[in-house]
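Below is data.tsv, which holds TSV, C-alpha atoms and all ligand atoms.
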```
chain	number	residue	atom	x	y	z
W	900	PRO	CA	188.23	38.46	32.10
W	901	ALA	CA	187.96	37.99	35.88
W	902	PRO	CA	185.92	35.02	37.11
W	903	THR	CA	182.39	35.80	38.24
W	904	LEU	CA	180.57	35.03	41.47
W	905	ALA	CA	176.76	35.29	41.51
W	906	VAL	CA	175.15	36.01	44.88
W	907	VAL	CA	171.66	34.53	45.19
W	908	GLY	CA	169.06	33.88	47.87
W	909	ARG	CA	165.63	34.87	49.12
W	910	PRO	CA	164.79	38.57	49.54
W	911	ASN	CA	166.10	40.18	52.75
W	912	VAL	CA	168.61	37.49	53.76
W	913	GLY	CA	171.39	40.10	53.50
W	914	LYS	CA	172.85	39.46	50.02
W	915	SER	CA	173.64	43.12	49.31
W	916	THR	CA	175.10	43.64	52.80
W	917	LEU	CA	177.40	40.67	52.22
W	918	VAL	CA	178.33	41.90	48.75
W	919	ASN	CA	179.54	45.13	50.34
W	920	ARG	CA	181.75	43.05	52.67
W	921	LEU	CA	183.12	41.02	49.75
W	922	ILE	CA	184.04	44.08	47.73
W	923	GLY	CA	185.14	46.18	50.74
W	924	ARG	CA	182.95	49.09	49.72
W	925	ARG	CA	179.39	50.33	50.08
W	926	GLU	CA	177.96	50.11	46.60
W	927	ALA	CA	175.32	47.42	46.79
W	928	VAL	CA	171.97	48.84	47.82
W	929	VAL	CA	170.87	47.57	51.22
W	930	GLN	CA	167.27	48.16	52.28
W	931	ASP	CA	164.68	46.75	54.60
W	932	VAL	CA	162.26	46.38	51.70
W	933	PRO	CA	162.44	42.75	50.50
W	934	GLY	CA	163.67	42.26	46.95
W	935	VAL	CA	164.96	45.77	46.52
W	936	THR	CA	167.80	44.79	44.15
W	937	ARG	CA	165.86	44.39	40.93
W	938	ASP	CA	168.70	44.24	38.49
W	939	ARG	CA	171.88	42.30	38.62
W	940	VAL	CA	174.72	44.58	39.55
W	941	SER	CA	178.40	43.78	38.99
W	942	HIS	CA	181.20	44.88	41.30
W	943	ASP	CA	184.97	44.35	41.05
W	944	ALA	CA	186.54	42.58	44.03
W	945	LEU	CA	190.11	41.81	45.05
W	946	TRP	CA	191.22	39.31	47.71
W	947	ARG	CA	194.72	37.94	48.28
W	948	GLY	CA	195.81	39.47	45.00
W	949	ARG	CA	193.10	37.81	42.93
W	950	ARG	CA	190.49	39.73	41.03
W	951	PHE	CA	186.92	38.56	40.58
W	952	THR	CA	183.53	40.04	39.79
W	953	VAL	CA	180.66	39.87	42.28
W	954	VAL	CA	177.16	39.95	40.81
W	955	ASP	CA	174.46	40.99	43.28
W	956	THR	CA	170.95	39.84	42.39
W	957	GLY	CA	167.42	40.53	43.59
W	958	GLY	CA	165.64	38.04	45.80
W	959	TRP	CA	165.06	34.60	44.43
W	960	ASP	CA	161.51	33.36	44.88
W	961	PRO	CA	160.52	30.49	42.57
W	962	MET	CA	156.90	30.82	43.76
W	963	ALA	CA	156.79	34.49	42.74
W	964	SER	CA	154.65	36.30	40.18
W	965	GLY	CA	154.87	39.71	38.48
W	966	LEU	CA	157.94	41.82	39.21
W	967	GLN	CA	159.26	39.28	41.68
W	968	ALA	CA	159.16	36.59	38.99
W	969	GLU	CA	161.27	38.85	36.77
W	970	VAL	CA	163.78	39.31	39.59
W	971	THR	CA	163.95	35.54	40.03
W	972	ALA	CA	164.54	35.03	36.32
W	973	GLN	CA	167.43	37.52	36.46
W	974	ALA	CA	168.93	35.69	39.45
W	975	GLU	CA	168.73	32.41	37.54
W	976	ARG	CA	170.44	33.96	34.52
W	977	ALA	CA	173.18	35.44	36.72
W	978	MET	CA	173.73	32.02	38.24
W	979	GLN	CA	173.88	30.28	34.89
W	980	THR	CA	176.46	32.69	33.50
W	981	SER	CA	178.74	32.75	36.56
W	982	ASP	CA	181.77	30.64	37.47
W	983	ALA	CA	180.57	30.01	41.04
W	984	VAL	CA	177.47	30.76	43.09
W	985	LEU	CA	177.24	32.13	46.61
W	986	VAL	CA	173.94	31.16	48.22
W	987	VAL	CA	172.93	33.27	51.20
W	988	VAL	CA	170.58	31.96	53.90
W	989	ASP	CA	169.29	33.88	56.94
W	990	ALA	CA	170.39	32.03	60.09
W	991	SER	CA	167.43	33.34	62.06
W	992	VAL	CA	164.98	31.88	59.53
W	993	GLY	CA	166.81	28.75	58.36
W	994	ALA	CA	165.95	26.79	55.24
W	995	THR	CA	162.49	27.39	53.81
W	996	GLU	CA	161.03	25.65	50.76
W	997	THR	CA	162.62	28.43	48.71
W	998	GLU	CA	166.08	27.34	49.88
W	999	ASP	CA	165.19	23.75	49.01
W	1000	ALA	CA	164.17	24.90	45.51
W	1001	ILE	CA	167.36	26.96	45.09
W	1002	ALA	CA	169.47	24.00	46.22
W	1003	LYS	CA	167.80	21.79	43.65
W	1004	VAL	CA	168.51	24.23	40.81
W	1005	LEU	CA	172.12	24.64	41.97
W	1006	ARG	CA	172.83	20.93	42.18
W	1007	ARG	CA	171.60	20.59	38.58
W	1008	SER	CA	173.71	23.57	37.45
W	1009	LYS	CA	176.99	21.77	38.30
W	1010	ARG	CA	178.39	25.15	39.41
W	1011	PRO	CA	180.65	25.27	42.47
W	1012	VAL	CA	178.49	26.49	45.36
W	1013	ILE	CA	179.45	28.36	48.51
W	1014	LEU	CA	176.83	28.39	51.27
W	1015	ALA	CA	176.88	31.48	53.48
W	1016	VAL	CA	174.66	31.54	56.54
W	1017	ASN	CA	174.21	35.22	57.27
W	1018	LYS	CA	173.07	37.15	60.37
W	1019	VAL	CA	175.22	35.01	62.65
W	1020	ASP	CA	175.96	38.11	64.71
W	1021	ASP	CA	177.23	36.24	67.76
W	1022	GLU	CA	178.39	32.82	68.91
W	1023	ARG	CA	174.93	31.74	70.00
W	1024	ALA	CA	173.75	31.70	66.40
W	1025	GLU	CA	176.52	29.31	65.27
W	1026	ALA	CA	174.22	26.31	65.89
W	1027	ASP	CA	171.66	27.77	63.48
W	1028	ALA	CA	174.37	27.80	60.82
W	1029	ALA	CA	175.36	24.17	61.40
W	1030	ALA	CA	171.74	23.12	60.86
W	1031	LEU	CA	172.11	24.19	57.21
W	1032	TRP	CA	174.30	21.16	56.40
W	1033	SER	CA	170.87	19.63	55.63
W	1034	LEU	CA	170.68	21.59	52.36
W	1035	GLY	CA	173.29	19.31	50.83
W	1036	LEU	CA	175.34	22.25	49.51
W	1037	GLY	CA	178.46	21.58	51.56
W	1038	GLU	CA	179.78	23.33	54.63
W	1039	PRO	CA	177.67	26.24	55.87
W	1040	ILE	CA	179.95	29.24	56.45
W	1041	ALA	CA	178.67	31.41	59.29
W	1042	VAL	CA	178.93	35.13	58.62
W	1043	SER	CA	177.55	38.46	59.70
W	1044	GLY	CA	177.38	40.90	56.83
W	1045	LEU	CA	176.42	43.58	59.31
W	1046	HIS	CA	179.45	43.17	61.60
W	1047	GLY	CA	181.93	41.53	59.21
W	1048	ARG	CA	182.16	38.34	61.26
W	1049	GLY	CA	183.51	35.43	59.15
W	1050	SER	CA	184.06	37.48	56.00
W	1051	GLY	CA	187.73	36.44	55.64
W	1052	ASP	CA	186.80	32.76	55.78
W	1053	LEU	CA	184.03	33.40	53.28
W	1054	LEU	CA	186.39	35.16	50.87
W	1055	ASP	CA	188.88	32.29	51.14
W	1056	ALA	CA	186.09	29.83	50.28
W	1057	VAL	CA	185.08	31.99	47.31
W	1058	LEU	CA	188.64	31.99	45.92
W	1059	GLU	CA	188.81	28.23	46.30
W	1060	ALA	CA	185.57	27.82	44.32
W	1061	LEU	CA	186.44	30.23	41.48
H	1101	LIG	P1	169.01	41.41	50.42
H	1101	LIG	O1	167.58	41.70	50.10
H	1101	LIG	O2	169.21	39.92	50.51
H	1101	LIG	O3	169.98	42.07	49.51
H	1101	LIG	O4	169.27	41.93	51.91
H	1101	LIG	P2	169.92	43.32	52.39
H	1101	LIG	O5	171.40	43.25	52.30
H	1101	LIG	O6	169.24	44.45	51.71
H	1101	LIG	O7	169.57	43.28	53.95
H	1101	LIG	C1	168.22	43.12	54.41
H	1101	LIG	C2	168.14	43.50	55.87
H	1101	LIG	O8	168.91	42.58	56.67
H	1101	LIG	C3	168.72	44.90	56.18
H	1101	LIG	O9	167.92	45.49	57.17
H	1101	LIG	C4	170.12	44.57	56.71
H	1101	LIG	O10	170.61	45.57	57.55
H	1101	LIG	C5	169.87	43.28	57.45
H	1101	LIG	N1	171.09	42.46	57.59
H	1101	LIG	C6	171.97	42.14	56.60
H	1101	LIG	N2	173.00	41.41	57.08
H	1101	LIG	C7	172.77	41.25	58.41
H	1101	LIG	C8	173.51	40.58	59.47
H	1101	LIG	O11	174.56	39.98	59.29
H	1101	LIG	N3	172.94	40.63	60.71
H	1101	LIG	C9	171.76	41.29	60.95
H	1101	LIG	N4	171.31	41.27	62.22
H	1101	LIG	N5	171.06	41.92	59.99
H	1101	LIG	C10	171.56	41.92	58.74
H	1102	MG	MG	169.73	43.24	47.79
```
Step by step, read the file and then write its structure as C-alpha cells.
Ligand code: GDP
Ligand code: MG
Amino acid sequence: PAPTLAVVGRPNVGKSTLVNRLIGRREAVVQDVPGVTRDRVSHDALWRGRRFTVVDTGGWDPMASGLQAEVTAQAERAMQTSDAVLVVVDASVGATETEDAIAKVLRRSKRPVILAVNKVDDERAEADAAALWSLGLGEPIAVSGLHGRGSGDLLDAVLEAL
C-alpha cells in the first residue's frame, strides 16, 4: 500500500486548504468554522511519480472537551498510524501552547515530521515562518494553501520524509 501522511494542527490553520494543494484537487472541506473536519479523510496523491495517501484530520486541541476532544483523539490516531506527519501552523498566529503540546507528542512518536507554516501569502510573512524554528521540529516550510505559494517545496519535503 502507498505510504500515509497525516495532516495535523489546530483548527482553522488551513489544513484542509493545504490538503487540496497536496492532492491537486478540491475534495477536503474548507470552512471558516474552526474544527469542521470531524473525521479523518483519506485522499490519494501523486508527486514526481510517487503515490501516497494524505489523511486530513480535524483540529487538534489537547485542552478540548466534548466533540472537540473526539476530533483530537482521531487526529492522534491518524498520526500514530501514519508513516509521516505534516504539522500545520498559522503564520499569523505563530506557536501557541497547543503547538507546543503537538510538538511534544510528535517528538515522542518518532515519526518523521514536516513543519508547514501556512498563510504566508507574501514575502513579508516569511519572517513569521522562520520564528517557528523554535518548535524544534526542523525547518519551517513557508506555504500559502490559498495561493499555492511553496507547495512544490512542501511536496518535495513530504516525499523525502515518507
Ligand atoms: P482547517 O480547519 O485547518 O482545515 O482550515 P481550513 O483549510 O478549513 O481553512 C480555515 C480558513 O483559513 C479558511 O477561511 C481558509 O480560506 C483560510 N486559509 C487557508 N489557507 C490560507 C492561506 O494560505 N492564506 C490565507 N490568508 N488564508 C488561508
Ligand atoms: Mg479542515
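Nearest residue to ligand LIG 1101 (chain H) among W:Gly908, W:Gly993, W:Gly913, W:Gly1051 is W:Gly913, counting all atoms listed in the file.
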Legend entry - From W:Asp960, W:Asp955, W:Glu969, W:Asp999, residue lying nearest ligand LIG 1101 (chain H) [all atoms listed in the file]: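 Looking at the shortest contact to ligand LIG 1101 (chain H), the residue is W:Asp955.
Contact shell of Ala1041 in chain W at 9 Å (only C-alpha atoms; same-chain neighbours under 3 positions omitted): W:Ala990, W:Leu1014, W:Ala1015, W:Val1016, W:Asn1017, W:Lys1018, W:Val1019, W:Ala1024, W:Glu1025, W:Asp1027, W:Ala1028, W:Ala1029, W:Arg1048, W:Gly1049, W:Ser1050, W:Asp1052, W:Leu1053.
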Legend entry - Close residues to ligand LIG 1101 (chain H) using all atoms listed in the file, limit 10 Å, as a ChimeraX atom specification: /W:906-920,927-937,955-959,987-991,1016-1021,1041-1048
Legend entry - Residue nearest Ile922 in chain W - candidates W:Ala963, W:Ala901, W:Val970, W:Leu1054, atoms counted: all atoms listed in the file: W:Leu1054
Legend entry - Length of the CA of Gln973 in chain W to CA of Leu1036 in chain W vector [Å]: 21.6 Å
Legend entry - Point-to-point distance from CA of Trp1032 in chain W to CA of Ala994 in chain W, Å rounded to tenths: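 Separation between CA of Trp1032 in chain W and CA of Ala994 in chain W: 10.1 Å.
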Legend entry - One-decimal distance in Å that lies between CA of Ala1056 in chain W and CA of Ala1026 in chain W: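 So the two atoms, CA of Ala1026 in chain W and CA of Ala1056 in chain W, lie 19.9 Å apart.
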Inset, instruction - Go through W:Val940, W:Ala1060, W:Ile1040, W:Leu921 and flag the residue nearest ligand MG 1102 (chain H), using all atoms listed in the file for the distances. - result: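 Checking each candidate against ligand MG 1102 (chain H), we get W:Val940 as the closest.
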Given 6 Å of margin on each side, can you work out the centre and size in Å (one decimal) of an axis-aligned box holding every listed atom of range 989-996 of chain W, as AutoDock Vina command-line options?
```
--center_x 165.7 --center_y 29.8 --center_z 56.4 --size_x 21.4 --size_y 20.2 --size_z 23.3
```
Legend entry - Residue nearest ligand MG 1102 (chain H) - candidates W:Ala974, W:Leu904, W:Ala968, W:Gly948, atoms counted: only C-alpha atoms and all ligand atoms: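 Of W:Ala974, W:Leu904, W:Ala968, W:Gly948, the one nearest ligand MG 1102 (chain H), counting only C-alpha atoms and all ligand atoms, is W:Ala974.
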Inset, instruction - Would you mind telling me which residue in W:Ala1000, W:Gly923, W:Arg947, W:Glu1038 lies nearest to Thr971 in chain W when using all atoms listed in the file? - result: W:Ala1000
